[in-house]
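Visitor: Structure supplied as target_6.cif; contents: mmCIF, C-alpha atoms.
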```cif
data_data
#
loop_
_atom_site.label_atom_id
_atom_site.label_comp_id
_atom_site.auth_asym_id
_atom_site.auth_seq_id
_atom_site.Cartn_x
_atom_site.Cartn_y
_atom_site.Cartn_z
CA MET A 221 -1.43 -48.60 31.44
CA SER A 222 1.06 -51.37 30.64
CA LEU A 223 2.06 -54.07 33.12
CA LEU A 224 5.59 -52.61 33.27
CA THR A 225 4.37 -49.16 34.27
CA ASN A 226 1.65 -50.52 36.55
CA SER A 227 4.09 -52.80 38.37
CA ILE A 228 6.67 -50.08 39.01
CA ARG A 229 4.06 -47.60 40.22
CA SER A 230 2.56 -50.23 42.49
CA ILE A 231 5.95 -50.86 44.12
CA LEU A 232 6.70 -47.16 44.57
CA ASP A 233 3.21 -46.27 45.82
CA ARG A 234 3.35 -48.85 48.64
CA GLN A 235 6.85 -48.10 49.87
CA ASP A 236 5.81 -45.47 52.41
CA GLU A 237 3.40 -47.75 54.26
CA TYR A 238 5.94 -50.60 54.23
CA LEU A 239 8.64 -48.30 55.62
CA GLN A 240 6.23 -47.16 58.33
CA ALA A 241 5.60 -50.78 59.32
CA GLU A 242 9.34 -51.44 59.34
CA ASN A 243 10.06 -48.40 61.51
CA TYR A 244 7.44 -49.34 64.08
CA TYR A 245 8.81 -52.87 64.25
CA ASN A 246 12.40 -51.62 64.64
CA GLY A 247 11.40 -48.91 67.13
CA THR A 248 12.75 -46.03 65.05
CA VAL A 249 9.63 -43.89 64.70
CA ASP A 250 9.87 -40.26 65.76
CA GLU A 251 7.97 -38.93 68.75
CA ILE A 252 4.81 -37.04 67.87
CA PHE A 253 4.54 -33.50 69.28
CA ALA A 254 1.53 -31.26 69.62
CA SER A 255 3.79 -28.27 70.38
CA ALA A 256 6.70 -27.17 68.20
CA SER A 257 8.33 -25.39 71.15
CA VAL A 258 8.32 -28.58 73.26
CA LYS A 259 9.85 -30.46 70.33
CA ARG A 260 12.67 -27.90 70.12
CA GLU A 261 13.34 -28.08 73.88
CA LEU A 262 13.46 -31.89 73.97
CA ALA A 263 15.72 -31.93 70.94
CA LYS A 264 18.39 -30.23 73.08
CA THR A 265 18.67 -33.26 75.35
CA GLY A 266 17.74 -35.90 72.76
CA ASP A 267 14.52 -37.79 72.26
CA HIS A 268 15.95 -41.13 71.13
CA TYR A 269 14.72 -43.06 74.18
CA ARG A 270 12.54 -45.99 73.12
CA VAL A 271 11.00 -49.10 74.62
CA ASN A 272 9.59 -50.81 71.58
CA TYR A 273 6.45 -52.79 72.38
CA ALA A 274 5.13 -52.66 68.81
CA ALA A 275 7.43 -55.53 67.83
CA THR A 276 5.87 -57.84 70.44
CA PRO A 277 2.64 -58.64 68.52
CA VAL A 278 4.76 -59.59 65.51
CA ASN A 279 7.19 -61.74 67.49
CA ALA A 280 4.37 -63.41 69.43
CA VAL A 281 2.97 -64.76 66.16
CA ALA A 282 6.33 -65.43 64.47
CA ASN A 283 7.56 -67.49 67.44
CA ARG A 284 4.64 -69.91 66.96
CA LEU A 285 5.05 -70.29 63.20
CA GLU A 286 7.81 -72.85 62.78
CA VAL A 287 8.01 -75.18 59.78
CA THR A 288 9.28 -78.56 60.94
CA GLY A 289 9.41 -80.28 57.57
CA VAL A 290 7.86 -81.09 54.21
CA THR A 291 6.38 -84.51 53.50
CA THR A 292 6.23 -85.93 49.97
CA LEU A 293 4.68 -88.94 48.25
CA SER A 294 7.88 -90.49 46.90
CA ASP A 295 11.45 -91.04 48.00
CA SER A 296 12.84 -89.20 44.96
CA SER A 297 10.76 -86.12 45.81
CA LYS A 298 11.84 -86.36 49.42
CA LYS A 299 15.51 -86.30 48.39
CA ILE A 300 15.00 -83.28 46.13
CA ILE A 301 13.21 -81.34 48.87
CA GLY A 302 15.88 -82.33 51.39
CA ASP A 303 18.75 -81.27 49.12
CA THR A 304 16.99 -77.99 48.29
CA TRP A 305 16.34 -77.36 51.98
CA GLN A 306 20.02 -77.79 52.84
CA GLU A 307 21.35 -75.90 49.80
CA ASN A 308 19.22 -72.84 50.55
CA SER A 309 19.45 -72.96 54.38
CA LEU A 310 15.67 -72.89 54.43
CA GLU A 311 15.42 -73.15 58.19
CA LEU A 312 16.86 -69.64 58.38
CA GLU A 313 15.38 -68.39 55.10
CA LEU A 314 11.84 -69.37 56.10
CA THR A 315 12.28 -67.77 59.52
CA GLN A 316 13.16 -64.49 57.81
CA LEU A 317 10.36 -64.89 55.28
CA ILE A 318 7.71 -65.50 57.95
CA THR A 319 8.86 -62.60 60.13
CA LYS A 320 9.01 -60.18 57.20
CA THR A 321 5.55 -61.25 56.04
CA LEU A 322 4.19 -60.38 59.48
CA VAL A 323 6.07 -57.06 59.60
CA TYR A 324 4.99 -55.81 56.17
CA GLY A 325 1.82 -57.83 55.62
CA SER A 326 3.40 -59.12 52.38
CA ALA A 327 6.61 -60.82 51.37
CA TYR A 328 7.88 -62.64 48.30
CA MET A 329 10.02 -65.66 47.50
CA THR A 330 11.68 -66.19 44.13
CA VAL A 331 12.29 -69.79 43.01
CA TRP A 332 14.53 -70.31 39.98
CA PRO A 333 17.49 -72.51 38.97
CA ASP A 334 20.94 -70.95 38.83
CA ALA A 335 23.52 -71.40 36.09
CA ASP A 336 24.44 -74.83 37.51
CA GLY A 337 20.84 -76.00 37.57
CA GLN A 338 20.57 -75.84 41.36
CA VAL A 339 17.20 -74.47 42.47
CA GLN A 340 17.58 -71.25 44.44
CA LEU A 341 14.94 -69.94 46.86
CA TYR A 342 15.35 -66.45 48.30
CA TYR A 343 13.30 -63.79 50.04
CA ASN A 344 12.34 -60.54 48.31
CA SER A 345 11.08 -57.48 50.16
CA PRO A 346 7.76 -55.83 49.22
CA LEU A 347 9.78 -52.61 49.09
CA SER A 348 11.16 -53.89 45.78
CA THR A 349 8.76 -56.61 44.62
CA VAL A 350 5.07 -56.98 43.79
CA VAL A 351 2.63 -59.45 42.25
CA LEU A 352 -0.27 -58.08 40.23
CA TYR A 353 -3.54 -60.00 40.02
CA ASP A 354 -6.32 -60.39 37.50
CA PRO A 355 -9.08 -57.88 38.37
CA GLU A 356 -11.71 -60.44 37.35
CA ASN A 357 -10.17 -63.24 39.45
CA PRO A 358 -8.23 -61.70 42.35
CA ARG A 359 -6.61 -65.05 43.18
CA ARG A 360 -4.96 -65.40 39.76
CA PRO A 361 -1.57 -63.67 39.44
CA ILE A 362 -0.79 -62.25 36.02
CA VAL A 363 2.73 -60.87 36.53
CA ALA A 364 5.38 -60.35 39.20
CA ALA A 365 7.90 -57.51 39.16
CA LYS A 366 11.11 -56.63 40.95
CA LEU A 367 12.69 -53.16 40.97
CA TRP A 368 16.20 -52.53 42.28
CA GLN A 369 19.20 -50.24 41.88
CA VAL A 370 22.39 -51.12 40.02
CA GLU A 371 25.51 -49.19 39.02
CA LEU A 372 26.63 -49.08 35.40
CA ASP A 373 29.69 -47.13 34.29
CA GLY A 374 29.82 -45.51 37.72
CA LYS A 375 26.26 -44.20 37.46
CA PRO A 376 23.12 -45.43 39.26
CA ARG A 377 20.43 -47.04 37.14
CA SER A 378 17.22 -48.95 37.87
CA ARG A 379 16.70 -52.56 36.87
CA VAL A 380 13.31 -54.22 36.50
CA ASN A 381 12.38 -57.85 35.92
CA LEU A 382 8.86 -58.85 34.93
CA TYR A 383 8.02 -62.50 35.62
CA TYR A 384 5.33 -64.11 33.46
CA PRO A 385 4.21 -67.77 33.30
CA ASP A 386 6.02 -68.16 29.95
CA ARG A 387 8.97 -65.73 30.14
CA ILE A 388 11.01 -63.26 32.18
CA ASP A 389 11.48 -59.78 30.67
CA LYS A 390 14.43 -57.68 31.82
CA TYR A 391 14.58 -53.87 31.64
CA LEU A 392 17.04 -51.06 32.42
CA SER A 393 16.17 -47.44 33.08
CA GLN A 394 17.51 -44.93 30.57
CA SER A 395 18.15 -42.24 33.18
CA GLU A 396 19.91 -42.26 36.54
CA ARG A 397 16.73 -41.42 38.43
CA LEU A 398 13.21 -42.52 37.73
CA PRO A 399 10.84 -39.66 36.88
CA PHE A 400 7.96 -38.80 39.17
CA THR A 401 5.53 -40.37 36.70
CA VAL A 402 7.01 -43.58 35.29
CA LYS A 403 6.33 -44.55 31.67
CA ASP A 404 7.35 -47.47 29.47
CA SER A 405 9.57 -45.16 27.45
CA ASP A 406 11.76 -44.61 30.53
CA PHE A 407 13.10 -48.16 30.11
CA GLU A 408 14.90 -50.21 27.51
CA PRO A 409 15.44 -53.99 27.27
CA PHE A 410 18.34 -55.27 29.34
CA ILE A 411 20.50 -57.76 27.46
CA ASP A 412 22.77 -60.28 29.20
CA ASP A 413 24.01 -63.85 28.65
CA GLU A 414 20.64 -65.34 29.63
CA THR A 415 18.35 -63.21 27.47
CA ASP A 416 17.59 -63.00 23.79
CA GLU A 417 17.93 -59.78 21.77
CA ASN A 418 14.68 -58.48 23.30
CA GLY A 419 15.81 -58.98 26.91
CA SER A 420 13.60 -62.05 27.50
CA VAL A 421 14.36 -65.37 29.17
CA PRO A 422 11.98 -68.26 28.37
CA ASN A 423 10.01 -69.83 31.23
CA GLU A 424 9.01 -73.32 30.13
CA PHE A 425 7.35 -74.26 33.41
CA GLY A 426 4.12 -72.28 33.05
CA VAL A 427 4.32 -70.82 36.56
CA ILE A 428 5.28 -67.32 37.70
CA PRO A 429 8.43 -68.08 39.73
CA VAL A 430 7.70 -65.39 42.36
CA PHE A 431 5.40 -66.47 45.19
CA HIS A 432 3.42 -63.98 47.23
CA PHE A 433 3.08 -64.51 51.00
CA THR A 434 0.55 -62.50 53.00
CA THR A 435 -0.95 -62.46 56.48
CA GLY A 436 -4.22 -63.59 54.93
CA ILE A 437 -6.17 -60.43 55.81
CA ASP A 438 -6.68 -59.24 52.24
CA GLN A 439 -4.93 -59.45 48.89
CA TYR A 440 -1.75 -57.71 50.08
CA GLY A 441 -2.14 -58.40 53.80
CA ARG A 442 -1.82 -56.05 56.77
CA PRO A 443 1.16 -55.55 59.08
CA GLU A 444 0.66 -57.70 62.17
CA HIS A 445 1.31 -54.72 64.43
CA ILE A 446 -0.64 -52.03 62.55
CA SER A 447 -3.13 -51.71 65.41
CA ALA A 448 -0.21 -51.07 67.79
CA TYR A 449 1.01 -47.91 66.03
CA SER A 450 -1.04 -45.42 68.07
CA CYS A 451 -0.34 -47.18 71.37
CA GLN A 452 3.40 -47.14 70.61
CA ASP A 453 3.22 -43.40 69.85
CA MET A 454 1.65 -42.80 73.26
CA ILE A 455 4.23 -45.02 74.99
CA ASN A 456 7.04 -43.10 73.28
CA LYS A 457 5.49 -39.83 74.43
CA MET A 458 5.32 -40.98 78.07
CA LEU A 459 8.85 -42.40 78.02
CA VAL A 460 10.57 -39.43 76.39
CA SER A 461 8.72 -36.95 78.60
CA GLN A 462 9.59 -38.87 81.77
CA LEU A 463 13.28 -39.17 80.91
CA ALA A 464 13.39 -35.49 79.99
CA ALA A 465 12.08 -34.70 83.47
CA VAL A 466 14.10 -37.28 85.42
CA GLU A 467 17.12 -34.99 85.85
CA HIS A 468 14.94 -32.56 87.76
CA HIS A 469 14.55 -35.20 90.48
CA GLY A 470 18.31 -35.43 91.06
CA PHE A 471 19.05 -31.79 90.27
CA PRO A 472 15.89 -29.80 90.98
CA THR A 473 15.57 -26.19 89.86
CA ARG A 474 16.03 -23.95 92.96
CA TRP A 475 14.98 -20.39 93.62
CA MET A 476 15.97 -17.60 96.05
CA LEU A 477 13.86 -14.65 97.19
CA GLN A 478 16.13 -11.70 97.98
CA GLY A 479 15.41 -8.80 100.33
CA ASP A 480 16.44 -5.17 99.98
CA GLN A 481 20.11 -6.01 100.39
CA THR A 482 21.58 -7.61 97.30
CA GLY A 483 23.84 -10.55 97.97
CA THR A 484 26.47 -11.99 95.74
CA SER A 485 24.91 -14.16 93.08
CA SER A 486 25.96 -17.76 92.87
CA ASP A 487 25.31 -20.11 90.02
CA TRP A 488 25.81 -23.82 89.69
CA GLY A 489 27.57 -23.40 86.37
CA ASP A 490 30.03 -20.67 87.43
CA LEU A 491 32.81 -22.91 88.65
CA ASP A 492 35.36 -20.07 88.81
CA GLU A 493 33.41 -18.09 91.45
CA GLU A 494 35.07 -18.19 94.87
CA ASP A 495 31.72 -18.13 96.69
CA GLN A 496 30.36 -21.05 94.65
CA LEU A 497 27.60 -22.91 96.50
CA THR A 498 28.10 -26.66 96.48
CA GLY A 499 26.36 -29.63 98.00
CA ALA A 500 29.51 -31.15 99.48
CA PRO A 501 29.28 -32.70 103.01
CA GLY A 502 30.04 -30.18 105.80
CA GLU A 503 29.65 -27.20 103.49
CA VAL A 504 28.36 -23.98 105.06
CA TRP A 505 26.37 -21.71 102.78
CA SER A 506 26.39 -17.94 103.23
CA LEU A 507 23.30 -16.33 101.70
CA ALA A 508 23.59 -12.62 102.34
CA GLY A 509 20.36 -10.71 101.79
CA VAL A 510 18.36 -13.81 100.95
CA MET A 511 14.99 -13.98 102.69
CA LYS A 512 13.80 -17.35 101.49
CA VAL A 513 14.95 -20.32 99.42
CA GLY A 514 13.12 -23.22 97.82
CA GLN A 515 12.92 -25.48 94.81
CA PHE A 516 10.44 -26.33 92.12
CA THR A 517 8.85 -29.73 92.48
CA ALA A 518 9.65 -32.12 89.64
CA ALA A 519 6.81 -33.85 87.85
CA ASP A 520 5.39 -36.89 89.67
CA PRO A 521 6.71 -40.06 87.93
CA SER A 522 3.28 -41.67 88.26
CA THR A 523 2.01 -39.04 85.83
CA TYR A 524 3.95 -40.93 83.17
CA ILE A 525 4.16 -44.49 84.53
CA ASP A 526 0.45 -45.12 85.14
CA PRO A 527 -0.67 -44.13 81.60
CA TYR A 528 2.36 -45.97 80.22
CA LYS A 529 1.09 -49.25 81.68
CA GLU A 530 -2.41 -48.61 80.42
CA TYR A 531 -1.14 -48.03 76.89
CA VAL A 532 0.67 -51.38 76.99
CA ARG A 533 -2.56 -53.05 78.10
CA ALA A 534 -4.40 -51.28 75.32
CA MET A 535 -1.85 -52.56 72.80
CA ALA A 536 -2.34 -56.11 74.07
CA SER A 537 -6.10 -55.74 73.65
CA VAL A 538 -6.18 -54.25 70.15
CA THR A 539 -3.61 -56.72 68.77
CA ASP A 540 -5.12 -59.89 70.31
CA THR A 541 -1.86 -60.53 72.15
CA PRO A 542 -1.98 -61.86 75.75
CA PHE A 543 -0.72 -59.28 78.24
CA HIS A 544 1.68 -61.78 79.82
CA VAL A 545 3.61 -61.83 76.50
CA PHE A 546 4.43 -58.14 76.99
CA GLU A 547 5.49 -58.62 80.60
CA ALA A 548 7.55 -61.75 79.88
CA VAL A 549 7.25 -62.95 83.48
CA ALA A 550 6.26 -66.32 84.88
CA THR A 551 2.61 -66.64 85.90
CA ASN A 552 1.09 -69.22 88.23
CA VAL A 553 -1.96 -70.00 86.14
CA SER A 554 -3.40 -73.34 85.12
CA GLY A 555 -2.99 -74.74 81.66
CA GLU A 556 -6.68 -74.18 80.97
CA ALA A 557 -6.50 -70.53 82.05
CA LEU A 558 -3.39 -69.99 79.94
CA ARG A 559 -5.04 -71.50 76.87
CA ALA A 560 -8.14 -69.38 77.43
CA SER A 561 -6.07 -66.19 77.57
CA GLU A 562 -4.16 -67.21 74.44
CA ALA A 563 -7.23 -68.29 72.44
CA PRO A 564 -7.40 -65.09 70.31
CA LEU A 565 -3.65 -65.30 69.60
CA VAL A 566 -3.88 -69.00 68.68
CA LYS A 567 -6.78 -68.32 66.32
CA LYS A 568 -4.79 -65.53 64.68
CA VAL A 569 -1.72 -67.76 64.33
CA ARG A 570 -3.84 -70.46 62.68
CA THR A 571 -5.03 -67.95 60.10
CA ARG A 572 -1.43 -66.93 59.35
CA GLN A 573 -0.42 -70.59 59.20
CA LEU A 574 -3.10 -71.34 56.62
CA ALA A 575 -2.12 -68.34 54.48
CA LEU A 576 1.61 -69.03 54.64
CA GLY A 577 1.25 -72.80 54.39
CA ASN A 578 -0.80 -72.63 51.21
CA THR A 579 1.88 -70.55 49.47
CA LEU A 580 4.71 -72.69 50.86
CA ARG A 581 3.00 -75.78 49.48
CA ARG A 582 2.97 -74.19 46.01
CA VAL A 583 6.63 -73.21 46.43
CA PHE A 584 7.75 -76.78 47.09
CA MET A 585 5.50 -78.19 44.37
CA PHE A 586 7.25 -75.80 41.96
CA VAL A 587 10.64 -76.96 43.25
CA LEU A 588 9.64 -80.50 42.30
CA LYS A 589 8.34 -79.29 38.93
CA LEU A 590 11.71 -77.66 38.20
CA ASN A 591 13.16 -81.13 38.73
CA GLY A 592 10.68 -82.82 36.43
CA ILE A 593 8.29 -84.16 39.10
CA ASP A 594 4.60 -83.29 39.27
CA GLU A 595 3.64 -84.20 42.84
CA ASP A 596 1.83 -82.77 45.83
CA VAL A 597 3.49 -82.04 49.19
CA GLN A 598 2.40 -81.28 52.74
CA VAL A 599 4.01 -78.63 54.96
CA GLN A 600 4.42 -79.65 58.61
CA TRP A 601 4.19 -77.07 61.41
CA LYS A 602 5.12 -77.11 65.07
CA GLN A 603 2.36 -77.20 67.67
CA ILE A 604 0.79 -73.74 68.14
CA GLU A 605 -0.84 -73.98 71.57
CA SER A 606 1.03 -73.56 74.85
CA ILE A 607 0.80 -77.02 76.41
CA ASP A 608 3.20 -78.42 79.01
CA THR A 609 5.10 -81.61 78.19
CA SER A 610 3.12 -84.05 80.32
CA GLU A 611 -0.19 -82.72 79.05
CA GLN A 612 1.03 -82.83 75.45
CA TRP A 613 2.06 -86.48 75.69
CA SER A 614 -1.25 -87.30 77.36
CA ILE A 615 -3.00 -85.82 74.32
CA ASN A 616 -0.64 -87.72 72.03
CA LYS A 617 -1.57 -90.97 73.79
CA LYS A 618 -5.24 -90.35 73.06
CA LYS A 619 -4.41 -89.64 69.42
CA LEU A 620 -2.42 -92.86 69.16
CA ASP A 621 -5.20 -94.88 70.82
CA ALA A 622 -7.65 -93.35 68.33
CA GLY A 623 -5.59 -94.71 65.44
CA LEU A 624 -3.47 -91.74 64.34
CA PRO A 625 -0.07 -92.94 63.01
CA ILE A 626 2.84 -92.40 65.36
CA GLU A 627 4.75 -90.68 62.53
CA GLN A 628 2.05 -88.00 62.24
CA ILE A 629 1.95 -87.52 66.02
CA LEU A 630 5.70 -86.96 66.16
CA LEU A 631 5.55 -84.49 63.26
CA GLU A 632 2.76 -82.53 64.97
CA HIS A 633 4.82 -82.55 68.15
CA GLY A 634 7.61 -80.70 66.33
CA TYR A 635 10.04 -83.51 65.49
CA ASP A 636 11.95 -83.13 62.23
CA SER A 637 10.51 -85.21 59.37
CA GLU A 638 13.97 -86.54 58.46
CA LEU A 639 14.48 -87.78 62.02
CA VAL A 640 11.04 -89.43 62.12
CA THR A 641 11.76 -91.21 58.83
CA LYS A 642 15.12 -92.40 60.15
CA TRP A 643 13.46 -93.79 63.28
CA LYS A 644 10.92 -95.59 61.09
CA ASN A 645 13.59 -97.07 58.82
CA ASP A 646 15.62 -98.17 61.84
CA GLY A 647 12.56 -99.77 63.45
CA LEU A 648 12.68 -97.41 66.42
CA LEU A 649 9.10 -96.09 66.34
CA ASN A 650 8.03 -98.81 68.79
CA VAL A 651 10.76 -97.75 71.19
CA VAL A 652 9.77 -94.08 70.90
CA ALA A 653 6.09 -94.87 71.41
CA GLN A 654 6.68 -97.12 74.42
CA ASN A 655 9.11 -94.73 76.13
CA ALA A 656 7.14 -91.54 75.49
CA LEU A 657 3.71 -93.15 75.83
CA PRO A 658 4.12 -96.03 78.31
CA ASN A 659 1.56 -98.85 78.45
CA THR A 660 -0.21 -97.65 75.34
CA THR A 661 0.43 -99.16 71.93
CA THR A 662 2.89 -100.96 69.76
CA VAL A 663 3.30 -100.10 66.09
CA ILE A 664 3.57 -103.22 63.91
CA GLU A 665 3.75 -102.82 60.14
CA GLY A 666 1.68 -99.65 60.33
CA GLU A 667 -0.96 -101.25 62.59
CA LEU A 668 -1.72 -100.44 66.22
CA THR A 669 -2.02 -103.09 68.95
CA ASN A 670 -2.82 -102.26 72.58
CA GLU A 671 -0.65 -103.63 75.31
#
```
Since I need it in another form, could you write the structure as C-alpha cells?

Guide:
Amino acid sequence: MSLLTNSIRSILDRQDEYLQAENYYNGTVDEIFASASVKRELAKTGDHYRVNYAATPVNAVANRLEVTGVTTLSDSSKKIIGDTWQENSLELELTQLITKTLVYGSAYMTVWPDADGQVQLYYNSPLSTVVLYDPENPRRPIVAAKLWQVELDGKPRSRVNLYYPDRIDKYLSQSERLPFTVKDSDFEPFIDDETDENGSVPNEFGVIPVFHFTTGIDQYGRPEHISAYSCQDMINKMLVSQLAAVEHHGFPTRWMLQGDQTGTSSDWGDLDEEDQLTGAPGEVWSLAGVMKVGQFTAADPSTYIDPYKEYVRAMASVTDTPFHVFEAVATNVSGEALRASEAPLVKKVRTRQLALGNTLRRVFMFVLKLNGIDEDVQVQWKQIESIDTSEQWSINKKKLDAGLPIEQILLEHGYDSELVTKWKNDGLLNVVAQNALPNTTTVIEGELTNE
C-alpha cells in the first residue's frame, strides 16, 4: 500500500474515535437506553438535558499547562522567536493546541513560511491530519498528510498534501466523493503556482514541517477523558430521567375511584368544560359518584441524586482528578493536604508537559532553521503545583540561597521571559529579589551575595 493511500485511510479510520472524544468533551453525546419504548417516551419531552463533567478532567490538565516563554542561546534567535510568537498569536494558538491534544489524544502543528517569507504556525486537527511512522523505528516519522474538502467549479473535491523531509506533494481527488476503499488512482497531482508540473514543492530543510503532539500515552495518545465516558453516560441517564420525572412533583397524576353512580368526567386538559376542576384558591369541587380520590407518588429525587453524586466521584477516581475540581468550591484544607490530593493529577500533568514540551522544542528549533539558524531552545512552563503565594516565595528564597539564578526562578514562577530579560537589562533584578525575597540575596554580575 502506498503512503498516499495509507495516509488517507489512517485519517478516515480514526475519525470516529476522535469525534466520540469531541462529543464527550462538548457534552453532545446521546443518552444510552436499554429500552426502546422508554427512549420513545422521553423523546416526546426532549432528552437534551446535560451537565457535562467529562470536560473537567481535560480542563484540569489544560489549566496547568501554560507556556510562559522560550529561551534561546543568542539575541538574534530570541528576536526571531519573539517576532514569530507575536505574528502567530502563539499565546492563543498554543492554548488551543494543548487543549485539542488533550481532547483527542493527538494534535498537529504545521510550520512553513508564507509567500512573504514569514513563518506561519497553525493547528491542524487529527480529524484531517496524520503522521505515519517507520515500523522499525516508531519514533521516526516518514510522512505527514492532510486531507480536506475544497470546491472547484461548484463541485466538492478532496485535497491531500503529503509532507516529506525533502518535498511536499499535492493531490486532488478525481471524483466528488471518495470511494469506500481509497486507491492512488482516485487522485491526480494538484498544480498551483508553488508546485512543479508533478504537483511537488521542494523542502530544502530536511524536516517534515508537520509536528505531532500527543498526550504521551502511546504513539497516537489517548483522550484525557476517555476513562470518563462511562461515568458521563450514567450521569446523563440520571439527569435526563430525573428531569423527565420532575413535572410529576408539581403536577402529579391523580386518580378517582367511582361508585355505581357515574359522575360527570372532568379533565385537566378540557378547558371548555363548565365543570372543570381547578386548583384555584377558594374553589369548591363537586365529585358526584366518586368514592375515593388520590394521586400517584412521583419518583423519589434521591433515587437519581445519590447515584449521580457517586458517578461523579467515580469519574474523579478513574481520571486521577481531585474531587474538589469537580465541585469547584473552596475547601479549608492545608497546603500539604491539598498537594497530597493533587499528587496524581500533578504527576499526570508532568507527563503531558514532557510530551508536549519535547515537540514544542522541535517546533521552535525548526522556526530558527527556517531563518538560517541551527540552535537549541528551551520551553518554559508555569508552575504546576497548587502553592499559595507566601509558600511559593519561601521556596523561591531557598532556591536563590542554593545558587539558582534569579532569572530562572522568575521564569519558573510564571513570569514572561521578555519581562525578565527587560528587568535584567534595566538592572532591576536586585530590586525584584529584595522586594519579593527580603533579607536574602543580592545579584551582582550573575553572582549571589548574602545580606

Visitor: For segment 639-647 of chain A, list every protein, DNA or RNA residue within 8 Å, evaluated using all atoms listed in the file, and leave out those in the same chain fewer than 5 positions away; present the list as a ChimeraX atom specification.

Guide: /A:627,630-631

Visitor: Going by the chain IDs and residue numbers used in this file, which residues fall under the PyMOL selection byres ((chain A and resi 365) around 10)? Write them as a list in words.

Guide: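 Given this file, the PyMOL selection byres ((chain A and resi 365) around 10) evaluates to Leu223, Leu224, Asn226, Ser227, Ile228, Ser230, Ile231, Ser348, Thr349, Val350, Val351, Leu352, Val363, Ala364, Lys366, Leu367, Val380, Asn381, Leu382, Tyr383, Tyr384, Ile388, Asp389, Lys390 and Val430 of chain A.
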
Visitor: Compare A:Ile411, A:Val339, A:Val513, A:Leu459 by their minimum atom-to-atom distance to Tyr528 of chain A, counting all atoms listed in the file, and give me the closest one.

Guide: A:Leu459

Visitor: Please measure the separation of atom CA of Pro527 of chain A and atom CA of Tyr238 of chain A, giving the value in Å to one decimal.

Guide: 28.9 Å

Visitor: Restrict the calculation to only C-alpha atoms, then for each residue of segment 330-385 of chain A with any atom at most 7 Å from an atom of segment 391-409 of chain A give the closest atom pair and their distance in Å to one decimal, rows by chain and rising residue number, as a tab-separated table.

Guide:
```
residue	atom	partner	partner_atom	distance
A:Lys375	CA	A:Glu396	CA	6.7
A:Pro376	CA	A:Glu396	CA	5.3
A:Arg377	CA	A:Glu396	CA	4.8
A:Ser378	CA	A:Ser393	CA	5.1
A:Arg379	CA	A:Leu392	CA	4.7
A:Val380	CA	A:Tyr391	CA	5.0
A:Asn381	CA	A:Tyr391	CA	6.2
```

Visitor: Have a look at atom CA of Glu562 of chain A and atom CA of Glu605 of chain A and let me know their distance in Å, one decimal.

Guide: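 Computing it gives 8.1 Å between the two atoms.
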
Visitor: Which residues, named as in the file, does the PyMOL selection byres ((chain A and resi 590) around 9) pick out? Answer as number ranges by chain.

Guide: A: 332-333, 339, 425, 585-589, 591-593

Visitor: Work out how far apart atom CA of Phe431 of chain A and atom CA of Thr225 of chain A are and give it in Å to one decimal.

Guide: 20.5 Å

Visitor: Expand the PyMOL selection byres ((chain A and resi 451) around 10) into the individual residues it matches in the shown file, reporting them as a list of chain:residue names.

Guide: A:Tyr273, A:Ala274, A:Ser447, A:Ala448, A:Tyr449, A:Ser450, A:Gln452, A:Asp453, A:Met454, A:Ile455, A:Asn456, A:Lys457, A:Tyr528, A:Glu530, A:Tyr531, A:Val532, A:Arg533, A:Ala534, A:Met535, A:Ala536, A:Val538

Visitor: List as a list of chain:residue names the protein and nucleic acid residues near Glu286 of chain A, meaning an atom at most 8 Å away when only C-alpha atoms are counted, but skip any in the same chain fewer than 4 places from it.

Guide: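 The residues that qualify are A:Ala282, A:Thr315, A:Trp601, A:Lys602.
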
Visitor: Within 8 Å of (11.8, -50.6, 67.3) (coordinates as in the file), grab all the protein and nucleic acid residues, counting all atoms listed in the file, and write them out as number ranges by chain.

Guide: A: 243-249, 270-275

Visitor: Selection from above, C-alpha atoms, as a compact mmCIF listing (two decimals), keeping the file's coordinate frame, can you write it?

Guide:
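For reference, selection.txt as written:
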```
# COMPACT_ATOMS: atom_id res chain seq x y z
CA ASN A 243 10.06 -48.40 61.51
CA TYR A 244 7.44 -49.34 64.08
CA TYR A 245 8.81 -52.87 64.25
CA ASN A 246 12.40 -51.62 64.64
CA GLY A 247 11.40 -48.91 67.13
CA THR A 248 12.75 -46.03 65.05
CA VAL A 249 9.63 -43.89 64.70
CA ARG A 270 12.54 -45.99 73.12
CA VAL A 271 11.00 -49.10 74.62
CA ASN A 272 9.59 -50.81 71.58
CA TYR A 273 6.45 -52.79 72.38
CA ALA A 274 5.13 -52.66 68.81
CA ALA A 275 7.43 -55.53 67.83
```

Visitor: How about completing segment 571-578 of chain A with N, CA and C atoms and giving it to me as a PDB file, in the frame of the given file?

Guide:
```pdb
ATOM      1  N   THR A 571      -4.732 -68.634  61.355  1.00  0.00           N
ATOM      2  CA  THR A 571      -5.030 -67.950  60.100  1.00  0.00           C
ATOM      3  C   THR A 571      -3.750 -67.669  59.321  1.00  0.00           C
ATOM      4  N   ARG A 572      -2.714 -67.206  60.021  1.00  0.00           N
ATOM      5  CA  ARG A 572      -1.430 -66.930  59.350  1.00  0.00           C
ATOM      6  C   ARG A 572      -0.822 -68.238  58.832  1.00  0.00           C
ATOM      7  N   GLN A 573      -0.971 -69.307  59.602  1.00  0.00           N
ATOM      8  CA  GLN A 573      -0.420 -70.590  59.200  1.00  0.00           C
ATOM      9  C   GLN A 573      -1.081 -71.099  57.926  1.00  0.00           C
ATOM     10  N   LEU A 574      -2.386 -70.923  57.829  1.00  0.00           N
ATOM     11  CA  LEU A 574      -3.100 -71.340  56.620  1.00  0.00           C
ATOM     12  C   LEU A 574      -2.646 -70.528  55.409  1.00  0.00           C
ATOM     13  N   ALA A 575      -2.526 -69.204  55.593  1.00  0.00           N
ATOM     14  CA  ALA A 575      -2.120 -68.340  54.480  1.00  0.00           C
ATOM     15  C   ALA A 575      -0.697 -68.652  54.027  1.00  0.00           C
ATOM     16  N   LEU A 576       0.209 -68.756  54.981  1.00  0.00           N
ATOM     17  CA  LEU A 576       1.610 -69.030  54.640  1.00  0.00           C
ATOM     18  C   LEU A 576       1.784 -70.445  54.129  1.00  0.00           C
ATOM     19  N   GLY A 577       1.095 -71.394  54.767  1.00  0.00           N
ATOM     20  CA  GLY A 577       1.250 -72.800  54.390  1.00  0.00           C
ATOM     21  C   GLY A 577       0.773 -73.077  52.980  1.00  0.00           C
ATOM     22  N   ASN A 578      -0.303 -72.430  52.562  1.00  0.00           N
ATOM     23  CA  ASN A 578      -0.800 -72.630  51.210  1.00  0.00           C
ATOM     24  C   ASN A 578       0.217 -72.188  50.171  1.00  0.00           C
TER      25      ASN A 578
END
```
